[in-house]
Structures are given as C-alpha cells and as structure tokens.
file upload_39.pdb (PDB, C-alpha atoms, pLDDT in the B column)
ATOM      1  CA  MET A   1      47.687  95.009 -32.863  1.00 52.00           C
ATOM      2  CA  SER A   2      47.389  95.000 -36.672  1.00 66.00           C
ATOM      3  CA  ILE A   3      44.464  97.437 -36.404  1.00 62.00           C
ATOM      4  CA  ALA A   4      46.558  99.774 -34.275  1.00 62.00           C
ATOM      5  CA  ARG A   5      49.450  99.618 -36.754  1.00 68.00           C
ATOM      6  CA  ALA A   6      47.106 100.389 -39.652  1.00 63.00           C
ATOM      7  CA  ILE A   7      45.619 103.380 -37.817  1.00 64.00           C
ATOM      8  CA  TRP A   8      49.021 104.694 -36.795  1.00 59.00           C
ATOM      9  CA  ARG A   9      50.461 104.273 -40.290  1.00 69.00           C
ATOM     10  CA  ASN A  10      47.521 106.091 -41.870  1.00 63.00           C
ATOM     11  CA  ASP A  11      47.622 108.933 -39.344  1.00 60.00           C
ATOM     12  CA  LEU A  12      51.390 109.414 -39.680  1.00 64.00           C
ATOM     13  CA  THR A  13      51.012 109.505 -43.444  1.00 65.00           C
ATOM     14  CA  CYS A  14      48.376 112.231 -43.114  1.00 62.00           C
ATOM     15  CA  ILE A  15      50.646 114.211 -40.783  1.00 62.00           C
ATOM     16  CA  VAL A  16      53.644 114.024 -43.125  1.00 62.00           C
ATOM     17  CA  ARG A  17      51.532 115.029 -46.138  1.00 65.00           C
ATOM     18  CA  ASP A  18      50.257 118.135 -44.370  1.00 64.00           C
ATOM     19  CA  ARG A  19      53.310 120.406 -44.366  1.00 64.00           C
ATOM     20  CA  THR A  20      51.714 122.889 -42.000  1.00 65.00           C
ATOM     21  CA  VAL A  21      51.315 120.201 -39.343  1.00 66.00           C
ATOM     22  CA  GLY A  22      54.161 117.857 -40.276  1.00 65.00           C
ATOM     23  CA  VAL A  23      56.801 120.526 -39.702  1.00 73.00           C
ATOM     24  CA  LEU A  24      56.126 120.144 -35.970  1.00 73.00           C
ATOM     25  CA  LEU A  25      57.840 116.737 -36.149  1.00 75.00           C
ATOM     26  CA  PHE A  26      61.166 118.570 -36.510  1.00 81.00           C
ATOM     27  CA  VAL A  27      60.664 121.581 -34.241  1.00 84.00           C
ATOM     28  CA  PRO A  28      61.775 119.657 -31.092  1.00 85.00           C
ATOM     29  CA  LEU A  29      65.207 119.220 -32.717  1.00 86.00           C
ATOM     30  CA  ILE A  30      65.423 123.002 -33.048  1.00 88.00           C
ATOM     31  CA  PHE A  31      64.422 123.366 -29.402  1.00 87.00           C
ATOM     32  CA  LEU A  32      67.125 120.863 -28.436  1.00 87.00           C
ATOM     33  CA  ALA A  33      69.779 122.902 -30.256  1.00 88.00           C
ATOM     34  CA  LEU A  34      68.525 126.126 -28.644  1.00 87.00           C
ATOM     35  CA  LEU A  35      68.668 124.666 -25.143  1.00 85.00           C
ATOM     36  CA  ARG A  36      72.020 122.948 -25.535  1.00 84.00           C
ATOM     37  CA  PHE A  37      73.913 125.611 -27.458  1.00 86.00           C
ATOM     38  CA  GLY A  38      71.870 128.779 -26.967  1.00 82.00           C
ATOM     39  CA  VAL A  39      71.366 128.869 -23.206  1.00 79.00           C
ATOM     40  CA  PRO A  40      75.078 128.835 -22.130  1.00 78.00           C
ATOM     41  CA  PRO A  41      75.896 132.099 -23.989  1.00 80.00           C
ATOM     42  CA  LEU A  42      72.781 133.678 -22.475  1.00 77.00           C
ATOM     43  CA  GLU A  43      73.953 132.646 -19.008  1.00 75.00           C
ATOM     44  CA  ASP A  44      77.212 134.514 -19.619  1.00 72.00           C
ATOM     45  CA  GLN A  45      75.148 137.675 -20.042  1.00 77.00           C
ATOM     46  CA  TRP A  46      72.496 136.901 -17.397  1.00 71.00           C
ATOM     47  CA  PRO A  47      73.970 134.548 -14.745  1.00 69.00           C
ATOM     48  CA  ALA A  48      70.628 134.440 -12.898  1.00 64.00           C
ATOM     49  CA  LEU A  49      69.293 132.324 -15.748  1.00 64.00           C
ATOM     50  CA  GLY A  50      71.307 129.418 -14.371  1.00 64.00           C
ATOM     51  CA  ASP A  51      68.974 129.270 -11.354  1.00 69.00           C
ATOM     52  CA  HIS A  52      65.959 128.523 -13.549  1.00 75.00           C
ATOM     53  CA  HIS A  53      67.127 125.597 -15.667  1.00 81.00           C
ATOM     54  CA  ALA A  54      64.326 123.371 -14.368  1.00 83.00           C
ATOM     55  CA  VAL A  55      61.593 125.869 -15.306  1.00 85.00           C
ATOM     56  CA  LEU A  56      63.100 126.556 -18.727  1.00 87.00           C
ATOM     57  CA  LEU A  57      63.562 122.881 -19.551  1.00 89.00           C
ATOM     58  CA  GLY A  58      60.121 122.026 -18.181  1.00 89.00           C
ATOM     59  CA  LEU A  59      58.500 124.714 -20.325  1.00 90.00           C
ATOM     60  CA  PHE A  60      60.007 123.370 -23.548  1.00 91.00           C
ATOM     61  CA  CYS A  61      59.202 119.769 -22.616  1.00 92.00           C
ATOM     62  CA  VAL A  62      55.578 120.518 -21.737  1.00 93.00           C
ATOM     63  CA  ILE A  63      55.165 122.350 -25.049  1.00 92.00           C
ATOM     64  CA  VAL A  64      56.690 119.630 -27.252  1.00 92.00           C
ATOM     65  CA  GLY A  65      54.716 117.002 -25.348  1.00 92.00           C
ATOM     66  CA  MET A  66      51.585 118.633 -26.768  1.00 91.00           C
ATOM     67  CA  PHE A  67      52.796 118.783 -30.383  1.00 89.00           C
ATOM     68  CA  PRO A  68      51.546 115.285 -31.304  1.00 88.00           C
ATOM     69  CA  ALA A  69      48.144 116.173 -29.839  1.00 89.00           C
ATOM     70  CA  PHE A  70      47.982 119.266 -32.025  1.00 87.00           C
ATOM     71  CA  MET A  71      48.806 117.218 -35.130  1.00 84.00           C
ATOM     72  CA  MET A  72      46.288 114.490 -34.297  1.00 85.00           C
ATOM     73  CA  ALA A  73      43.549 116.996 -33.474  1.00 86.00           C
ATOM     74  CA  PHE A  74      43.896 118.513 -36.947  1.00 82.00           C
ATOM     75  CA  ILE A  75      43.536 115.058 -38.537  1.00 80.00           C
ATOM     76  CA  MET A  76      40.414 114.300 -36.526  1.00 80.00           C
ATOM     77  CA  LEU A  77      38.824 117.657 -37.318  1.00 80.00           C
ATOM     78  CA  ASP A  78      39.531 117.066 -41.013  1.00 75.00           C
ATOM     79  CA  GLU A  79      37.658 113.781 -40.693  1.00 71.00           C
ATOM     80  CA  ARG A  80      34.774 115.526 -38.995  1.00 70.00           C
ATOM     81  CA  ASP A  81      34.599 118.131 -41.767  1.00 66.00           C
ATOM     82  CA  GLN A  82      34.474 115.326 -44.330  1.00 63.00           C
ATOM     83  CA  GLY A  83      31.639 113.591 -42.479  1.00 58.00           C
ATOM     84  CA  LEU A  84      33.729 110.534 -41.646  1.00 57.00           C
ATOM     85  CA  PHE A  85      32.645 110.344 -38.004  1.00 56.00           C
ATOM     86  CA  ALA A  86      29.311 108.888 -39.114  1.00 54.00           C
ATOM     87  CA  VAL A  87      31.195 106.255 -41.129  1.00 54.00           C
ATOM     88  CA  PHE A  88      33.343 105.309 -38.127  1.00 55.00           C
ATOM     89  CA  ARG A  89      30.225 104.225 -36.242  1.00 58.00           C
ATOM     90  CA  VAL A  90      29.693 101.284 -38.618  1.00 54.00           C
ATOM     91  CA  LEU A  91      33.335 100.146 -38.702  1.00 58.00           C
ATOM     92  CA  PRO A  92      34.444  97.027 -36.780  1.00 57.00           C
ATOM     93  CA  VAL A  93      36.486  99.378 -34.595  1.00 60.00           C
ATOM     94  CA  SER A  94      34.327 101.386 -32.204  1.00 63.00           C
ATOM     95  CA  PRO A  95      34.824 105.182 -31.970  1.00 61.00           C
ATOM     96  CA  GLY A  96      36.094 104.713 -28.426  1.00 65.00           C
ATOM     97  CA  ARG A  97      38.680 102.159 -29.496  1.00 71.00           C
ATOM     98  CA  LEU A  98      39.748 104.286 -32.451  1.00 72.00           C
ATOM     99  CA  LEU A  99      40.221 107.234 -30.125  1.00 75.00           C
ATOM    100  CA  GLY A 100      42.169 104.986 -27.759  1.00 75.00           C
ATOM    101  CA  HIS A 101      44.631 103.989 -30.508  1.00 77.00           C
ATOM    102  CA  ARG A 102      45.091 107.621 -31.433  1.00 81.00           C
ATOM    103  CA  VAL A 103      45.605 108.734 -27.852  1.00 85.00           C
ATOM    104  CA  THR A 104      48.189 105.970 -27.504  1.00 85.00           C
ATOM    105  CA  MET A 105      50.075 107.279 -30.538  1.00 84.00           C
ATOM    106  CA  VAL A 106      49.948 110.797 -29.119  1.00 87.00           C
ATOM    107  CA  VAL A 107      51.363 109.514 -25.827  1.00 90.00           C
ATOM    108  CA  VAL A 108      54.179 107.566 -27.527  1.00 88.00           C
ATOM    109  CA  LEU A 109      55.253 110.521 -29.672  1.00 86.00           C
ATOM    110  CA  GLY A 110      54.712 112.898 -26.776  1.00 88.00           C
ATOM    111  CA  LEU A 111      57.002 110.728 -24.644  1.00 91.00           C
ATOM    112  CA  LEU A 112      59.881 110.723 -27.126  1.00 90.00           C
ATOM    113  CA  TYR A 113      60.169 114.484 -27.571  1.00 89.00           C
ATOM    114  CA  PRO A 114      60.417 115.521 -23.873  1.00 92.00           C
ATOM    115  CA  LEU A 115      62.711 112.557 -23.181  1.00 92.00           C
ATOM    116  CA  LEU A 116      65.037 113.765 -25.934  1.00 91.00           C
ATOM    117  CA  LEU A 117      65.110 117.275 -24.465  1.00 91.00           C
ATOM    118  CA  THR A 118      65.470 116.176 -20.848  1.00 90.00           C
ATOM    119  CA  LEU A 119      68.429 113.886 -21.554  1.00 90.00           C
ATOM    120  CA  GLY A 120      70.021 115.835 -24.388  1.00 85.00           C
ATOM    121  CA  ALA A 121      69.696 119.502 -23.455  1.00 79.00           C
ATOM    122  CA  GLY A 122      72.425 119.346 -20.813  1.00 78.00           C
ATOM    123  CA  MET A 123      70.327 121.269 -18.308  1.00 78.00           C
ATOM    124  CA  GLY A 124      70.280 119.505 -14.956  1.00 73.00           C
ATOM    125  CA  SER A 125      71.332 116.022 -13.898  1.00 76.00           C
ATOM    126  CA  TYR A 126      68.297 113.830 -14.571  1.00 83.00           C
ATOM    127  CA  GLY A 127      68.773 110.090 -14.485  1.00 83.00           C
ATOM    128  CA  VAL A 128      67.093 107.906 -17.069  1.00 88.00           C
ATOM    129  CA  GLY A 129      64.381 106.788 -14.644  1.00 90.00           C
ATOM    130  CA  ARG A 130      63.438 110.291 -13.575  1.00 91.00           C
ATOM    131  CA  ALA A 131      63.636 111.539 -17.160  1.00 91.00           C
ATOM    132  CA  LEU A 132      61.196 108.807 -18.235  1.00 94.00           C
ATOM    133  CA  VAL A 133      58.710 109.811 -15.543  1.00 94.00           C
ATOM    134  CA  LEU A 134      58.984 113.491 -16.492  1.00 94.00           C
ATOM    135  CA  ALA A 135      58.552 112.692 -20.181  1.00 94.00           C
ATOM    136  CA  ALA A 136      55.528 110.537 -19.367  1.00 95.00           C
ATOM    137  CA  LEU A 137      53.942 113.457 -17.493  1.00 95.00           C
ATOM    138  CA  CYS A 138      54.463 115.712 -20.516  1.00 94.00           C
ATOM    139  CA  ALA A 139      52.999 113.019 -22.780  1.00 94.00           C
ATOM    140  CA  ALA A 140      49.961 112.745 -20.507  1.00 93.00           C
ATOM    141  CA  GLY A 141      49.456 116.466 -20.992  1.00 93.00           C
ATOM    142  CA  GLY A 142      49.397 115.880 -24.742  1.00 91.00           C
ATOM    143  CA  ALA A 143      46.758 113.164 -24.415  1.00 92.00           C
ATOM    144  CA  VAL A 144      44.545 115.439 -22.337  1.00 94.00           C
ATOM    145  CA  ALA A 145      45.078 118.322 -24.775  1.00 93.00           C
ATOM    146  CA  LEU A 146      43.855 116.095 -27.620  1.00 90.00           C
ATOM    147  CA  LEU A 147      40.694 115.181 -25.719  1.00 91.00           C
ATOM    148  CA  VAL A 148      40.044 118.818 -24.858  1.00 91.00           C
ATOM    149  CA  ALA A 149      40.521 120.018 -28.446  1.00 89.00           C
ATOM    150  CA  VAL A 150      38.392 117.379 -30.194  1.00 86.00           C
ATOM    151  CA  SER A 151      35.660 117.739 -27.568  1.00 86.00           C
ATOM    152  CA  LEU A 152      35.369 121.524 -27.768  1.00 86.00           C
ATOM    153  CA  ALA A 153      36.543 122.594 -31.226  1.00 83.00           C
ATOM    154  CA  LYS A 154      34.213 122.326 -34.220  1.00 81.00           C
ATOM    155  CA  ASN A 155      36.782 123.219 -36.893  1.00 80.00           C
ATOM    156  CA  LYS A 156      40.486 123.885 -37.408  1.00 79.00           C
ATOM    157  CA  ILE A 157      40.229 127.556 -36.465  1.00 83.00           C
ATOM    158  CA  GLU A 158      38.632 126.687 -33.146  1.00 84.00           C
ATOM    159  CA  CYS A 159      41.200 123.920 -32.697  1.00 84.00           C
ATOM    160  CA  LEU A 160      44.027 126.415 -33.158  1.00 85.00           C
ATOM    161  CA  THR A 161      42.382 128.747 -30.672  1.00 88.00           C
ATOM    162  CA  ALA A 162      41.935 125.914 -28.192  1.00 89.00           C
ATOM    163  CA  PHE A 163      45.607 124.977 -28.393  1.00 90.00           C
ATOM    164  CA  LYS A 164      46.695 128.587 -27.958  1.00 90.00           C
ATOM    165  CA  ALA A 165      44.687 128.652 -24.739  1.00 91.00           C
ATOM    166  CA  LEU A 166      46.084 125.264 -23.691  1.00 91.00           C
ATOM    167  CA  TYR A 167      49.664 126.420 -24.268  1.00 90.00           C
ATOM    168  CA  VAL A 168      49.040 129.522 -22.151  1.00 90.00           C
ATOM    169  CA  LEU A 169      47.511 127.435 -19.359  1.00 89.00           C
ATOM    170  CA  ALA A 170      50.369 124.950 -19.565  1.00 89.00           C
ATOM    171  CA  ALA A 171      52.924 127.739 -19.299  1.00 86.00           C
ATOM    172  CA  GLY A 172      51.010 129.158 -16.339  1.00 83.00           C
ATOM    173  CA  GLY A 173      51.988 126.071 -14.404  1.00 82.00           C
ATOM    174  CA  ALA A 174      55.598 127.290 -14.403  1.00 78.00           C
ATOM    175  CA  ALA A 175      54.824 128.789 -10.999  1.00 69.00           C
ATOM    176  CA  GLY A 176      55.322 125.250  -9.704  1.00 62.00           C
ATOM    177  CA  GLY A 177      59.036 125.604 -10.257  1.00 61.00           C
ATOM    178  CA  LEU A 178      59.340 129.169  -9.007  1.00 65.00           C
ATOM    179  CA  GLY A 179      58.204 129.024  -5.411  1.00 60.00           C
ATOM    180  CA  ALA A 180      56.613 127.130  -2.541  1.00 58.00           C
ATOM    181  CA  LEU A 181      52.933 126.188  -2.429  1.00 55.00           C
ATOM    182  CA  GLU A 182      51.783 129.172  -0.407  1.00 57.00           C
ATOM    183  CA  GLY A 183      49.975 132.461  -0.854  1.00 55.00           C
ATOM    184  CA  TRP A 184      49.024 133.335  -4.416  1.00 58.00           C
ATOM    185  CA  ASN A 185      51.125 130.429  -5.658  1.00 61.00           C
ATOM    186  CA  ARG A 186      48.270 128.137  -4.608  1.00 65.00           C
ATOM    187  CA  VAL A 187      46.102 129.486  -7.466  1.00 71.00           C
ATOM    188  CA  PRO A 188      47.982 127.875 -10.399  1.00 76.00           C
ATOM    189  CA  ALA A 189      48.302 124.665  -8.359  1.00 80.00           C
ATOM    190  CA  VAL A 190      44.963 123.553  -9.837  1.00 85.00           C
ATOM    191  CA  LEU A 191      46.781 123.131 -13.163  1.00 89.00           C
ATOM    192  CA  PRO A 192      48.384 119.719 -13.764  1.00 91.00           C
ATOM    193  CA  THR A 193      51.417 121.414 -15.308  1.00 91.00           C
ATOM    194  CA  TYR A 194      52.069 123.200 -12.006  1.00 90.00           C
ATOM    195  CA  TRP A 195      53.008 119.814 -10.593  1.00 91.00           C
ATOM    196  CA  VAL A 196      54.944 118.846 -13.709  1.00 93.00           C
ATOM    197  CA  PHE A 197      57.134 121.913 -13.243  1.00 90.00           C
ATOM    198  CA  ALA A 198      57.391 121.105  -9.542  1.00 89.00           C
ATOM    199  CA  ALA A 199      58.606 117.623 -10.484  1.00 91.00           C
ATOM    200  CA  TYR A 200      61.260 119.098 -12.792  1.00 90.00           C
ATOM    201  CA  ASP A 201      62.431 121.344  -9.960  1.00 86.00           C
ATOM    202  CA  ALA A 202      62.184 118.727  -7.169  1.00 85.00           C
ATOM    203  CA  ARG A 203      65.385 117.943  -5.337  1.00 84.00           C
ATOM    204  CA  GLY A 204      64.492 114.932  -3.204  1.00 85.00           C
ATOM    205  CA  THR A 205      62.844 111.706  -4.299  1.00 88.00           C
ATOM    206  CA  GLY A 206      59.847 112.246  -2.011  1.00 90.00           C
ATOM    207  CA  ALA A 207      59.067 115.696  -3.401  1.00 89.00           C
ATOM    208  CA  PHE A 208      59.528 114.398  -6.943  1.00 91.00           C
ATOM    209  CA  LEU A 209      57.165 111.454  -6.492  1.00 93.00           C
ATOM    210  CA  THR A 210      54.559 113.582  -4.712  1.00 93.00           C
ATOM    211  CA  ALA A 211      54.522 116.165  -7.502  1.00 91.00           C
ATOM    212  CA  ALA A 212      54.369 113.443 -10.170  1.00 94.00           C
ATOM    213  CA  LEU A 213      51.478 111.688  -8.418  1.00 95.00           C
ATOM    214  CA  VAL A 214      49.417 114.870  -8.073  1.00 94.00           C
ATOM    215  CA  ALA A 215      50.029 115.664 -11.754  1.00 94.00           C
ATOM    216  CA  VAL A 216      48.838 112.174 -12.734  1.00 95.00           C
ATOM    217  CA  LEU A 217      45.684 112.517 -10.650  1.00 95.00           C
ATOM    218  CA  LEU A 218      44.820 115.924 -12.125  1.00 94.00           C
ATOM    219  CA  TYR A 219      45.513 114.749 -15.669  1.00 95.00           C
ATOM    220  CA  GLY A 220      43.387 111.675 -15.025  1.00 94.00           C
ATOM    221  CA  LEU A 221      40.486 113.815 -13.831  1.00 94.00           C
ATOM    222  CA  CYS A 222      40.721 116.064 -16.907  1.00 92.00           C
ATOM    223  CA  ALA A 223      40.927 113.043 -19.228  1.00 92.00           C
ATOM    224  CA  TRP A 224      37.843 111.475 -17.641  1.00 93.00           C
ATOM    225  CA  VAL A 225      35.789 114.678 -17.978  1.00 92.00           C
ATOM    226  CA  PHE A 226      36.664 115.366 -21.607  1.00 90.00           C
ATOM    227  CA  TYR A 227      36.504 111.727 -22.706  1.00 87.00           C
ATOM    228  CA  ARG A 228      32.912 111.604 -21.457  1.00 86.00           C
ATOM    229  CA  MET A 229      32.218 114.825 -23.338  1.00 85.00           C
ATOM    230  CA  PHE A 230      33.718 113.385 -26.516  1.00 80.00           C
ATOM    231  CA  ARG A 231      31.649 110.211 -26.259  1.00 76.00           C
ATOM    232  CA  ARG A 232      28.495 112.189 -25.553  1.00 76.00           C
ATOM    233  CA  ASN A 233      29.042 114.401 -28.607  1.00 67.00           C
ATOM    234  CA  PHE A 234      30.178 111.767 -31.098  1.00 60.00           C
ATOM    235  CA  SER A 235      28.893 108.370 -30.010  1.00 54.00           C
TER
END
call {"tool": "encode", "arguments": {"input": "upload_39.pdb", "output": "structure tokens"}}
result
Amino acid sequence: MSIARAIWRNDLTCIVRDRTVGVLLFVPLIFLALLRFGVPPLEDQWPALGDHHAVLLGLFCVIVGMFPAFMMAFIMLDERDQGLFAVFRVLPVSPGRLLGHRVTMVVVLGLLYPLLLTLGAGMGSYGVGRALVLAALCAAGGAVALLVAVSLAKNKIECLTAFKALYVLAAGGAAGGLGALEGWNRVPAVLPTYWVFAAYDARGTGAFLTAALVAVLLYGLCAWVFYRMFRRNFS
C-alpha cells in the first residue's frame, strides 16, 4: 500500500505541475455548472431537449471519465521519452504492477467525476446505487483508454491524436440512448459506450443491469487485448 501511495503522490504532483494537463482536474466542475444551470434555459427554447437528458448526461460523464486517463497517458509518455521505461525494469516494482497502480488511480479519479455529474447535474432521478454503477462504467472506459493510448502512441502528439479518436468513438456510442437495438443501430453496439449510454437511458432494473453487464464484458475484452499489447511492447 505504501508503494501505491508513493506512486499516486508522485503522479498527482506531475499532473498538477503540468498546467496543460492539470487544468483538466477542474473542467468537470465547469461541466457540472453547464449541465445544472445551462440546460434549463436551453430547454425553454428547445423543449425537445428535455427528452434527451440521459444521452446528454451520459456524454459528459463518459468524457470526464476519460480525463484521468489522458493525464496519466501524458505522464507515461514523458517517462518513455526520458528513457525511464528501461529503468523501471530493474525496480522492485514490476512494470505490470506499476501499470496496475496507475490504472487504479485512473479508475478512482474517473469514478469521482462522473459520480459528481450524475448526482449533481439535476438531470434524471438516479439513486446512489445506480449512479455508482454508471460512474464505474465511465471509469472503466478511462482505464481502457489509458491502455489503448500507451500501447499505440509513441509520443505526446500521437497520444493526443489517439484520445481525439477515442473521444469520437465514445461519443458514437450515444446511439445506445437514442433507439432500440435494431437496424443500423446494431452497428455502434460493438462499442462499450453504446451500452453505457443504454444504461443511462434504461428505465427498468433488468434493462439497466443487462446494459451494464454487456459494457463490462466489452471493456474487459478491450483491456485484455491492449494490456497484452502493452506488455509485449514494454516488458
């Protein structure tokens, strides 16, 4: 546990020092204000917007759930540029364990942001239990995004490009909250975020749990594939 605390403390210090990345720690608070105080006036102008609260809230939560992954990916790519990955191989902590501690931190931070939005935005009646599950799904998306970025990107520019693509793919899953699983709407169903949005929009407990379970399975598959790629490239 002391090793994990040391790693987390060092990584958070690096994030705060980097103003370009550290500013993302505060962006979710801006999103919260926009959703809570900005959406009601928009609904006065466009009443139809009230029918899509779940999709709108889900979109913001999925995005902020990936912020910690973006910050951590930049730290890890900095370390790669400095040649520190070779040093990590001789440390008492294995590269796999180090990555595990960092993924855990990404999940914890990625859980807090969507939970704050889900409970504080005033959009929909989500109980604490359901809000925790939804936030955990968004956090899982952040963990997978980190694995994808550090496995594929070779520098910060490529990392930024990777996250742009990941944000677009994540937003593409919004179809899960816009219609039934039929016709062309089956195409984006291969995306884990499709089922996250479906969970945000689910009415009954059965539909909610089904969507959450499918999202977990798809995220687990993606994590397994890119973790193996990371180990193959940097072990």
call {"tool": "atom_distance", "arguments": {"input": "upload_39.pdb", "atom1": "atom CA of A:Arg80", "atom2": "atom CA of A:Arg228"}}
result
18.1 Å
call {"tool": "atom_distance", "arguments": {"input": "upload_39.pdb", "atom1": "atom CA of A:Phe70", "atom2": "atom CA of A:Cys159"}}
result
8.3 Å
call {"tool": "closest_residue", "arguments": {"input": "upload_39.pdb", "among": "A:Phe230, A:His101, A:Met123, A:Phe67", "to": "A:Val39", "atoms": "all atoms listed in the file"}}
result
A:Met123
call {"tool": "axis_aligned_box", "arguments": {"input": "upload_39.pdb", "around": "stretch 125-144 of chain A", "padding_each_side": "6 Å", "output": "JSON"}}
result
{"center_x": 57.9, "center_y": 111.6, "center_z": -19.2, "size_x": 38.8, "size_y": 21.7, "size_z": 23.2}
call {"tool": "residues_around", "arguments": {"input": "upload_39.pdb", "residues": "stretch 191-205 of chain A", "least_positions_apart": "5", "cutoff": "6 Å", "atoms": "all atoms listed in the file", "output": "list in words"}}
result
Ala54, Gly58, Ala170, Gly173, Ala174, Gly176, Gly177, Ala211, Ala212, Ala215 and Leu218 of chain A
call {"tool": "atom_distance", "arguments": {"input": "upload_39.pdb", "atom1": "atom CA of A:Gly220", "atom2": "atom CA of A:Arg102"}}
result
17.0 Å
call {"tool": "closest_residue", "arguments": {"input": "upload_39.pdb", "among": "A:Ala223, A:Met72, A:Leu137, A:Leu99", "to": "A:Leu25", "atoms": "all atoms listed in the file"}}
result
A:Met72
call {"tool": "residues_around", "arguments": {"input": "upload_39.pdb", "residues": "stretch 108-122 of chain A", "least_positions_apart": "5", "cutoff": "9 Å", "atoms": "all atoms listed in the file", "output": "PDB file with C-alpha atoms, in the coordinates of the input"}}
result
ATOM      1  CA  PRO A  28      61.775 119.657 -31.092  1.00 85.00           C
ATOM      2  CA  LEU A  29      65.207 119.220 -32.717  1.00 86.00           C
ATOM      3  CA  PHE A  31      64.422 123.366 -29.402  1.00 87.00           C
ATOM      4  CA  LEU A  32      67.125 120.863 -28.436  1.00 87.00           C
ATOM      5  CA  ALA A  33      69.779 122.902 -30.256  1.00 88.00           C
ATOM      6  CA  LEU A  34      68.525 126.126 -28.644  1.00 87.00           C
ATOM      7  CA  LEU A  35      68.668 124.666 -25.143  1.00 85.00           C
ATOM      8  CA  ARG A  36      72.020 122.948 -25.535  1.00 84.00           C
ATOM      9  CA  PHE A  37      73.913 125.611 -27.458  1.00 86.00           C
ATOM     10  CA  LEU A  57      63.562 122.881 -19.551  1.00 89.00           C
ATOM     11  CA  GLY A  58      60.121 122.026 -18.181  1.00 89.00           C
ATOM     12  CA  PHE A  60      60.007 123.370 -23.548  1.00 91.00           C
ATOM     13  CA  CYS A  61      59.202 119.769 -22.616  1.00 92.00           C
ATOM     14  CA  VAL A  62      55.578 120.518 -21.737  1.00 93.00           C
ATOM     15  CA  ILE A  63      55.165 122.350 -25.049  1.00 92.00           C
ATOM     16  CA  VAL A  64      56.690 119.630 -27.252  1.00 92.00           C
ATOM     17  CA  GLY A  65      54.716 117.002 -25.348  1.00 92.00           C
ATOM     18  CA  MET A  66      51.585 118.633 -26.768  1.00 91.00           C
ATOM     19  CA  PHE A  67      52.796 118.783 -30.383  1.00 89.00           C
ATOM     20  CA  PRO A  68      51.546 115.285 -31.304  1.00 88.00           C
ATOM     21  CA  ALA A  69      48.144 116.173 -29.839  1.00 89.00           C
ATOM     22  CA  VAL A 103      45.605 108.734 -27.852  1.00 85.00           C
ATOM     23  CA  GLY A 127      68.773 110.090 -14.485  1.00 83.00           C
ATOM     24  CA  VAL A 128      67.093 107.906 -17.069  1.00 88.00           C
ATOM     25  CA  ALA A 131      63.636 111.539 -17.160  1.00 91.00           C
ATOM     26  CA  LEU A 132      61.196 108.807 -18.235  1.00 94.00           C
ATOM     27  CA  LEU A 134      58.984 113.491 -16.492  1.00 94.00           C
ATOM     28  CA  ALA A 135      58.552 112.692 -20.181  1.00 94.00           C
ATOM     29  CA  ALA A 136      55.528 110.537 -19.367  1.00 95.00           C
ATOM     30  CA  LEU A 137      53.942 113.457 -17.493  1.00 95.00           C
ATOM     31  CA  CYS A 138      54.463 115.712 -20.516  1.00 94.00           C
ATOM     32  CA  ALA A 139      52.999 113.019 -22.780  1.00 94.00           C
ATOM     33  CA  ALA A 140      49.961 112.745 -20.507  1.00 93.00           C
ATOM     34  CA  GLY A 141      49.456 116.466 -20.992  1.00 93.00           C
ATOM     35  CA  GLY A 142      49.397 115.880 -24.742  1.00 91.00           C
ATOM     36  CA  ALA A 143      46.758 113.164 -24.415  1.00 92.00           C
TER      37      ALA A 143
END
call {"tool": "closest_residue", "arguments": {"input": "upload_39.pdb", "among": "A:Leu24, A:Val216, A:Leu42, A:Leu77", "to": "A:Ile157", "atoms": "all atoms listed in the file"}}
result
A:Leu77
